[in-house]
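These notes concern the structure reproduced below.
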Amino acid sequence: MNGWGRLGERRRAGRPAVMVVVLVAAGLGLTWFAGTHFAYATGLAGTPGHLRVEACAWKHVGGHRYPHCSGIFRSFDGTVVDPNASIGKNLPVGDTIALQRVDSGRYEQTGTASSFGWLAISLLGLMVLLLGILVVCGKGGARRVPRGLLVLLGALGALMLLSAFIGGVAGVTGAF
């Protein structure tokens with residue numbers, strides 16, 4: 001034997017460990033990122049208020065055009081007034097929209113469409129995390145994975161698709 005067989009076996013043995021680390025890290029990161037945006041979109045975090053759109057423009061960044069609208073943000077309790085508030089959405093000038101001011105001073109749109117959209121992405125993150133766990137359970141050449149984990153993965157996938165559908169319909173129709 002020339003020795004390449006053992007080296008190949010060692011490389012293959014390390015792949016599941018790397019895959020688990022990547023899946024778990026990606027799942028945790030995606031769930032955390034989308035979960036924080038979900039909290040703002042539903043009004044669970046941040047400062048609620050409204051933005052009166054005074055101007056909108058298209059900005060060129062890296063060869064792409066992005067909408068950028070600005071105006072005055074006022075919190076519902078009157079404690080925060082930001083005359084330089086802006087959001088990366090294309091909105092009609094003169095409209096007033098509900099926003100949440102986040103801890104970093106940026107703004108997130110609230111409502112059904114954004115809430116269900118961020119929920120779908122959070123569920124996707126949980127699915128990726130669960131796939132990392134499934135890789136651990138199925139290691140060592142075992143073909144049997146606990147049925148409960150597969151059912152959970154399927155349920156998360158169905159809920160993710162339903163949430164994305166509801167968010168998409170709400171976004172297209174402009175529903176609350």
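Naming scheme: A, B, ... for chains in displayed order of the structure tokens; residues 1 onward per chain; ligands 1 onward as shown.
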
When you look at Leu51 (chain A) with a cut-off of 9 Å (counting only C-alpha atoms), what residues show up, excluding the ones that are within fewer than 5 positions of it in the same chain? I need them as a PyMOL selection string. chain A and resi 70-75+85-86+95-99

Requested write-out: N, CA, C and O atoms of the selected residues, as an mmCIF file, in the first residue's frame:
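Okay, selection.cif is ready:
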data_model
loop_
_atom_site.group_PDB
_atom_site.id
_atom_site.type_symbol
_atom_site.label_atom_id
_atom_site.label_comp_id
_atom_site.auth_asym_id
_atom_site.auth_seq_id
_atom_site.Cartn_x
_atom_site.Cartn_y
_atom_site.Cartn_z
ATOM 1 N N SER A 70 -36.070 59.251 3.776
ATOM 2 C CA SER A 70 -35.755 59.902 5.050
ATOM 3 C C SER A 70 -36.884 60.822 5.463
ATOM 4 O O SER A 70 -37.749 61.182 4.663
ATOM 5 N N GLY A 71 -36.847 61.186 6.741
ATOM 6 C CA GLY A 71 -37.865 62.073 7.291
ATOM 7 C C GLY A 71 -37.677 62.214 8.787
ATOM 8 O O GLY A 71 -36.588 61.989 9.321
ATOM 9 N N ILE A 72 -38.756 62.548 9.480
ATOM 10 C CA ILE A 72 -38.718 62.758 10.922
ATOM 11 C C ILE A 72 -39.362 61.562 11.614
ATOM 12 O O ILE A 72 -40.511 61.196 11.318
ATOM 13 N N PHE A 73 -38.591 60.943 12.520
ATOM 14 C CA PHE A 73 -39.110 59.843 13.337
ATOM 15 C C PHE A 73 -39.543 60.399 14.682
ATOM 16 O O PHE A 73 -38.815 61.161 15.316
ATOM 17 N N ARG A 74 -40.734 60.037 15.127
ATOM 18 C CA ARG A 74 -41.226 60.403 16.455
ATOM 19 C C ARG A 74 -41.694 59.135 17.151
ATOM 20 O O ARG A 74 -42.499 58.380 16.598
ATOM 21 N N SER A 75 -41.172 58.921 18.356
ATOM 22 C CA SER A 75 -41.621 57.757 19.121
ATOM 23 C C SER A 75 -43.055 58.006 19.597
ATOM 24 O O SER A 75 -43.484 59.158 19.751
ATOM 25 N N ALA A 85 -33.939 60.660 10.413
ATOM 26 C CA ALA A 85 -34.205 59.224 10.330
ATOM 27 C C ALA A 85 -34.274 58.793 8.878
ATOM 28 O O ALA A 85 -34.738 59.542 8.012
ATOM 29 N N SER A 86 -33.788 57.585 8.594
ATOM 30 C CA SER A 86 -33.853 57.070 7.223
ATOM 31 C C SER A 86 -34.021 55.559 7.244
ATOM 32 O O SER A 86 -33.667 54.888 8.200
ATOM 33 N N ASP A 95 -46.129 59.894 3.099
ATOM 34 C CA ASP A 95 -46.704 58.812 3.899
ATOM 35 C C ASP A 95 -46.106 58.788 5.295
ATOM 36 O O ASP A 95 -44.983 59.242 5.524
ATOM 37 N N THR A 96 -46.866 58.229 6.229
ATOM 38 C CA THR A 96 -46.387 57.993 7.583
ATOM 39 C C THR A 96 -46.418 56.493 7.813
ATOM 40 O O THR A 96 -47.462 55.865 7.627
ATOM 41 N N ILE A 97 -45.267 55.923 8.190
ATOM 42 C CA ILE A 97 -45.178 54.476 8.394
ATOM 43 C C ILE A 97 -44.714 54.176 9.811
ATOM 44 O O ILE A 97 -43.980 54.956 10.414
ATOM 45 N N ALA A 98 -45.162 53.032 10.322
ATOM 46 C CA ALA A 98 -44.753 52.584 11.653
ATOM 47 C C ALA A 98 -43.373 51.945 11.566
ATOM 48 O O ALA A 98 -43.100 51.148 10.672
ATOM 49 N N LEU A 99 -42.487 52.338 12.485
ATOM 50 C CA LEU A 99 -41.131 51.800 12.553
ATOM 51 C C LEU A 99 -40.769 51.509 13.997
ATOM 52 O O LEU A 99 -41.384 52.026 14.920
#

Report as a tab-separated table the residues of region 31-124 of chain A within 8 Å of region 155-174 of chain A, each with its shortest atom pair and distance in Å (one decimal), using only C-alpha atoms, ordered by chain and increasing residue number.
residue	atom	partner	partner_atom	distance
A:Thr112	CA	A:Ala170	CA	6.4
A:Ala113	CA	A:Gly167	CA	4.1
A:Ser114	CA	A:Gly167	CA	6.6
A:Ser115	CA	A:Gly167	CA	7.3
A:Phe116	CA	A:Gly167	CA	4.7
A:Gly117	CA	A:Gly167	CA	5.2
A:Leu119	CA	A:Ser163	CA	6.7
A:Ala120	CA	A:Met160	CA	4.5
A:Ile121	CA	A:Met160	CA	7.4
A:Leu123	CA	A:Met160	CA	5.6
A:Leu124	CA	A:Met160	CA	6.6

CA of Leu153 (chain A) and CA of Leu129 (chain A) are how many Å apart? 9.9 Å

Spatial neighbours of Gly88 (chain A), 12 Å, only C-alpha atoms, chain gap at least 4 places, as a VMD selection string: chain A and resid 53 55 to 59 65 to 70 106 to 109

Grab the residues selected above and save them as an mmCIF file, in the first residue's frame with C-alpha atoms.
data_model
loop_
_atom_site.group_PDB
_atom_site.id
_atom_site.type_symbol
_atom_site.label_atom_id
_atom_site.label_comp_id
_atom_site.auth_asym_id
_atom_site.auth_seq_id
_atom_site.Cartn_x
_atom_site.Cartn_y
_atom_site.Cartn_z
ATOM 1 C CA VAL A 53 -41.451 60.391 4.741
ATOM 2 C CA ALA A 55 -37.732 62.612 0.700
ATOM 3 C CA CYS A 56 -36.749 59.513 -1.228
ATOM 4 C CA ALA A 57 -33.828 58.882 -3.561
ATOM 5 C CA TRP A 58 -32.097 55.987 -5.283
ATOM 6 C CA LYS A 59 -28.475 55.567 -4.231
ATOM 7 C CA ARG A 65 -29.415 50.980 -7.051
ATOM 8 C CA TYR A 66 -31.023 51.012 -3.605
ATOM 9 C CA PRO A 67 -33.965 53.089 -2.366
ATOM 10 C CA HIS A 68 -33.356 55.413 0.559
ATOM 11 C CA CYS A 69 -36.150 57.413 2.225
ATOM 12 C CA SER A 70 -35.755 59.902 5.050
ATOM 13 C CA ARG A 106 -31.239 52.363 12.769
ATOM 14 C CA TYR A 107 -34.889 51.659 11.935
ATOM 15 C CA GLU A 108 -36.853 48.489 11.183
ATOM 16 C CA GLN A 109 -40.247 48.346 9.550
#

Expected answer as a tab-separated table (two decimals) with all heavy atoms, in the first residue's frame: strand (DSSP E) residues in region 35-72 of chain A:
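The new file out17.tsv reads:
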chain	number	residue	atom	x	y	z
A	47	THR	N	-37.77	50.97	20.10
A	47	THR	CA	-38.64	52.09	20.44
A	47	THR	C	-39.66	52.26	19.32
A	47	THR	O	-39.30	52.61	18.20
A	47	THR	CB	-37.83	53.38	20.59
A	47	THR	OG1	-36.79	53.17	21.56
A	47	THR	CG2	-38.70	54.54	21.01
A	48	PRO	N	-40.96	52.03	19.61
A	48	PRO	CA	-41.97	52.16	18.57
A	48	PRO	C	-42.26	53.62	18.25
A	48	PRO	O	-42.22	54.48	19.13
A	48	PRO	CB	-43.20	51.47	19.17
A	48	PRO	CG	-43.02	51.59	20.64
A	48	PRO	CD	-41.53	51.59	20.89
A	49	GLY	N	-42.56	53.88	16.99
A	49	GLY	CA	-42.90	55.22	16.57
A	49	GLY	C	-43.30	55.24	15.12
A	49	GLY	O	-43.65	54.20	14.55
A	50	HIS	N	-43.26	56.42	14.52
A	50	HIS	CA	-43.62	56.53	13.11
A	50	HIS	C	-42.68	57.51	12.41
A	50	HIS	O	-42.13	58.41	13.02
A	50	HIS	CB	-45.08	56.95	12.94
A	50	HIS	CG	-45.42	58.24	13.60
A	50	HIS	ND1	-45.84	58.31	14.89
A	50	HIS	CD2	-45.36	59.52	13.15
A	50	HIS	CE1	-46.04	59.59	15.22
A	50	HIS	NE2	-45.76	60.34	14.18
A	51	LEU	N	-42.52	57.29	11.12
A	51	LEU	CA	-41.67	58.12	10.28
A	51	LEU	C	-42.56	58.81	9.25
A	51	LEU	O	-43.32	58.16	8.54
A	51	LEU	CB	-40.62	57.27	9.56
A	51	LEU	CG	-39.77	57.98	8.50
A	51	LEU	CD1	-38.72	58.86	9.17
A	51	LEU	CD2	-39.11	56.97	7.58
A	52	ARG	N	-42.47	60.12	9.20
A	52	ARG	CA	-43.14	60.88	8.14
A	52	ARG	C	-42.11	61.04	7.02
A	52	ARG	O	-41.08	61.69	7.19
A	52	ARG	CB	-43.58	62.24	8.65
A	52	ARG	CG	-44.11	63.12	7.56
A	52	ARG	CD	-45.51	63.61	7.87
A	52	ARG	NE	-45.92	64.62	6.91
A	52	ARG	CZ	-46.73	64.37	5.91
A	52	ARG	NH1	-47.19	63.16	5.75
A	52	ARG	NH2	-47.09	65.31	5.08
A	53	VAL	N	-42.39	60.41	5.86
A	53	VAL	CA	-41.45	60.39	4.74
A	53	VAL	C	-41.43	61.76	4.08
A	53	VAL	O	-42.47	62.25	3.59
A	53	VAL	CB	-41.82	59.30	3.72
A	53	VAL	CG1	-40.84	59.29	2.57
A	53	VAL	CG2	-41.87	57.93	4.39
A	54	GLU	N	-40.26	62.39	4.07
A	54	GLU	CA	-40.11	63.72	3.47
A	54	GLU	C	-39.36	63.69	2.14
A	54	GLU	O	-39.55	64.57	1.30
A	54	GLU	CB	-39.39	64.66	4.44
A	54	GLU	CG	-40.21	64.93	5.69
A	54	GLU	CD	-39.51	65.84	6.67
A	54	GLU	OE1	-38.29	66.10	6.51
A	54	GLU	OE2	-40.18	66.30	7.60
A	55	ALA	N	-38.50	62.70	1.94
A	55	ALA	CA	-37.73	62.61	0.70
A	55	ALA	C	-37.31	61.17	0.44
A	55	ALA	O	-37.07	60.41	1.37
A	55	ALA	CB	-36.49	63.50	0.78
A	56	CYS	N	-37.24	60.83	-0.83
A	56	CYS	CA	-36.75	59.51	-1.23
A	56	CYS	C	-35.81	59.68	-2.42
A	56	CYS	O	-36.01	60.56	-3.26
A	56	CYS	CB	-37.89	58.59	-1.63
A	56	CYS	SG	-38.84	57.97	-0.22
A	57	ALA	N	-34.79	58.85	-2.47
A	57	ALA	CA	-33.83	58.88	-3.56
A	57	ALA	C	-33.29	57.48	-3.78
A	57	ALA	O	-33.35	56.63	-2.89
A	57	ALA	CB	-32.68	59.84	-3.23
A	58	TRP	N	-32.75	57.25	-4.96
A	58	TRP	CA	-32.10	55.99	-5.28
A	58	TRP	C	-30.60	56.22	-5.21
A	58	TRP	O	-30.08	57.09	-5.88
A	58	TRP	CB	-32.51	55.50	-6.66
A	58	TRP	CG	-33.92	55.03	-6.68
A	58	TRP	CD1	-35.04	55.78	-6.87
A	58	TRP	CD2	-34.37	53.70	-6.46
A	58	TRP	NE1	-36.16	55.01	-6.79
A	58	TRP	CE2	-35.78	53.72	-6.55
A	58	TRP	CE3	-33.73	52.49	-6.20
A	58	TRP	CZ2	-36.55	52.57	-6.38
A	58	TRP	CZ3	-34.50	51.36	-6.05
A	58	TRP	CH2	-35.89	51.40	-6.13
A	59	LYS	N	-29.92	55.43	-4.38
A	59	LYS	CA	-28.48	55.57	-4.23
A	59	LYS	C	-27.80	54.44	-5.00
A	59	LYS	O	-28.27	53.32	-5.04
A	59	LYS	CB	-28.09	55.49	-2.75
A	59	LYS	CG	-28.82	56.52	-1.92
A	59	LYS	CD	-27.86	57.31	-1.14
A	59	LYS	CE	-28.66	58.41	-0.44
A	59	LYS	NZ	-27.98	59.13	0.49
A	60	HIS	N	-26.66	54.76	-5.60
A	60	HIS	CA	-25.86	53.78	-6.33
A	60	HIS	C	-24.73	53.30	-5.42
A	60	HIS	O	-23.92	54.08	-4.96
A	60	HIS	CB	-25.27	54.39	-7.60
A	60	HIS	CG	-26.32	54.73	-8.61
A	60	HIS	ND1	-26.80	53.81	-9.50
A	60	HIS	CD2	-26.99	55.88	-8.85
A	60	HIS	CE1	-27.72	54.37	-10.25
A	60	HIS	NE2	-27.86	55.63	-9.89
A	61	VAL	N	-24.73	51.98	-5.17
A	61	VAL	CA	-23.68	51.37	-4.35
A	61	VAL	C	-23.23	50.10	-5.04
A	61	VAL	O	-24.02	49.18	-5.26
A	61	VAL	CB	-24.19	51.04	-2.92
A	61	VAL	CG1	-23.10	50.37	-2.11
A	61	VAL	CG2	-24.70	52.29	-2.23
A	64	HIS	N	-25.22	48.78	-8.02
A	64	HIS	CA	-26.64	48.51	-7.80
A	64	HIS	C	-27.32	49.77	-7.31
A	64	HIS	O	-26.70	50.63	-6.69
A	64	HIS	CB	-26.82	47.40	-6.76
A	64	HIS	CG	-26.22	46.10	-7.18
A	64	HIS	ND1	-26.82	45.27	-8.10
A	64	HIS	CD2	-25.08	45.49	-6.81
A	64	HIS	CE1	-26.06	44.20	-8.28
A	64	HIS	NE2	-24.99	44.31	-7.50
A	65	ARG	N	-28.63	49.85	-7.55
A	65	ARG	CA	-29.41	50.98	-7.05
A	65	ARG	C	-30.26	50.53	-5.87
A	65	ARG	O	-30.89	49.48	-5.93
A	65	ARG	CB	-30.34	51.50	-8.15
A	65	ARG	CG	-29.63	52.19	-9.27
A	65	ARG	CD	-30.57	52.62	-10.34
A	65	ARG	NE	-31.88	52.94	-9.77
A	65	ARG	CZ	-32.80	53.66	-10.38
A	65	ARG	NH1	-32.60	54.13	-11.56
A	65	ARG	NH2	-33.96	53.90	-9.81
A	66	TYR	N	-30.26	51.32	-4.80
A	66	TYR	CA	-31.02	51.01	-3.60
A	66	TYR	C	-31.88	52.21	-3.21
A	66	TYR	O	-31.40	53.34	-3.25
A	66	TYR	CB	-30.09	50.66	-2.44
A	66	TYR	CG	-29.28	49.42	-2.68
A	66	TYR	CD1	-27.96	49.50	-3.11
A	66	TYR	CD2	-29.84	48.17	-2.50
A	66	TYR	CE1	-27.22	48.35	-3.34
A	66	TYR	CE2	-29.10	47.03	-2.72
A	66	TYR	CZ	-27.79	47.12	-3.14
A	66	TYR	OH	-27.07	45.99	-3.37
A	67	PRO	N	-33.14	51.97	-2.81
A	67	PRO	CA	-33.97	53.09	-2.37
A	67	PRO	C	-33.53	53.56	-0.98
A	67	PRO	O	-33.04	52.78	-0.17
A	67	PRO	CB	-35.38	52.49	-2.32
A	67	PRO	CG	-35.16	51.04	-2.07
A	67	PRO	CD	-33.86	50.70	-2.75
A	68	HIS	N	-33.74	54.83	-0.72
A	68	HIS	CA	-33.36	55.41	0.56
A	68	HIS	C	-34.34	56.55	0.85
A	68	HIS	O	-34.36	57.54	0.13
A	68	HIS	CB	-31.92	55.93	0.49
A	68	HIS	CG	-31.41	56.48	1.76
A	68	HIS	ND1	-30.98	55.68	2.77
A	68	HIS	CD2	-31.30	57.75	2.19
A	68	HIS	CE1	-30.59	56.45	3.78
A	68	HIS	NE2	-30.78	57.71	3.44
A	69	CYS	N	-35.18	56.38	1.86
A	69	CYS	CA	-36.15	57.41	2.23
A	69	CYS	C	-35.82	57.96	3.60
A	69	CYS	O	-35.35	57.24	4.48
A	69	CYS	CB	-37.56	56.85	2.23
A	69	CYS	SG	-38.14	56.43	0.57
A	70	SER	N	-36.07	59.25	3.78
A	70	SER	CA	-35.75	59.90	5.05
A	70	SER	C	-36.88	60.82	5.46
A	70	SER	O	-37.75	61.18	4.66
A	70	SER	CB	-34.44	60.68	4.93
A	70	SER	OG	-34.57	61.67	3.92
A	71	GLY	N	-36.85	61.19	6.74
A	71	GLY	CA	-37.87	62.07	7.29
A	71	GLY	C	-37.68	62.21	8.79
A	71	GLY	O	-36.59	61.99	9.32
A	72	ILE	N	-38.76	62.55	9.48
A	72	ILE	CA	-38.72	62.76	10.92
A	72	ILE	C	-39.36	61.56	11.61
A	72	ILE	O	-40.51	61.20	11.32
A	72	ILE	CB	-39.46	64.05	11.31
A	72	ILE	CG1	-38.79	65.25	10.66
A	72	ILE	CG2	-39.50	64.21	12.82
A	72	ILE	CD1	-39.56	66.54	10.83

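A straight line drawn from CA of Thr31 (chain A) to CA of Ile87 (chain A) is 23.2 Å long.
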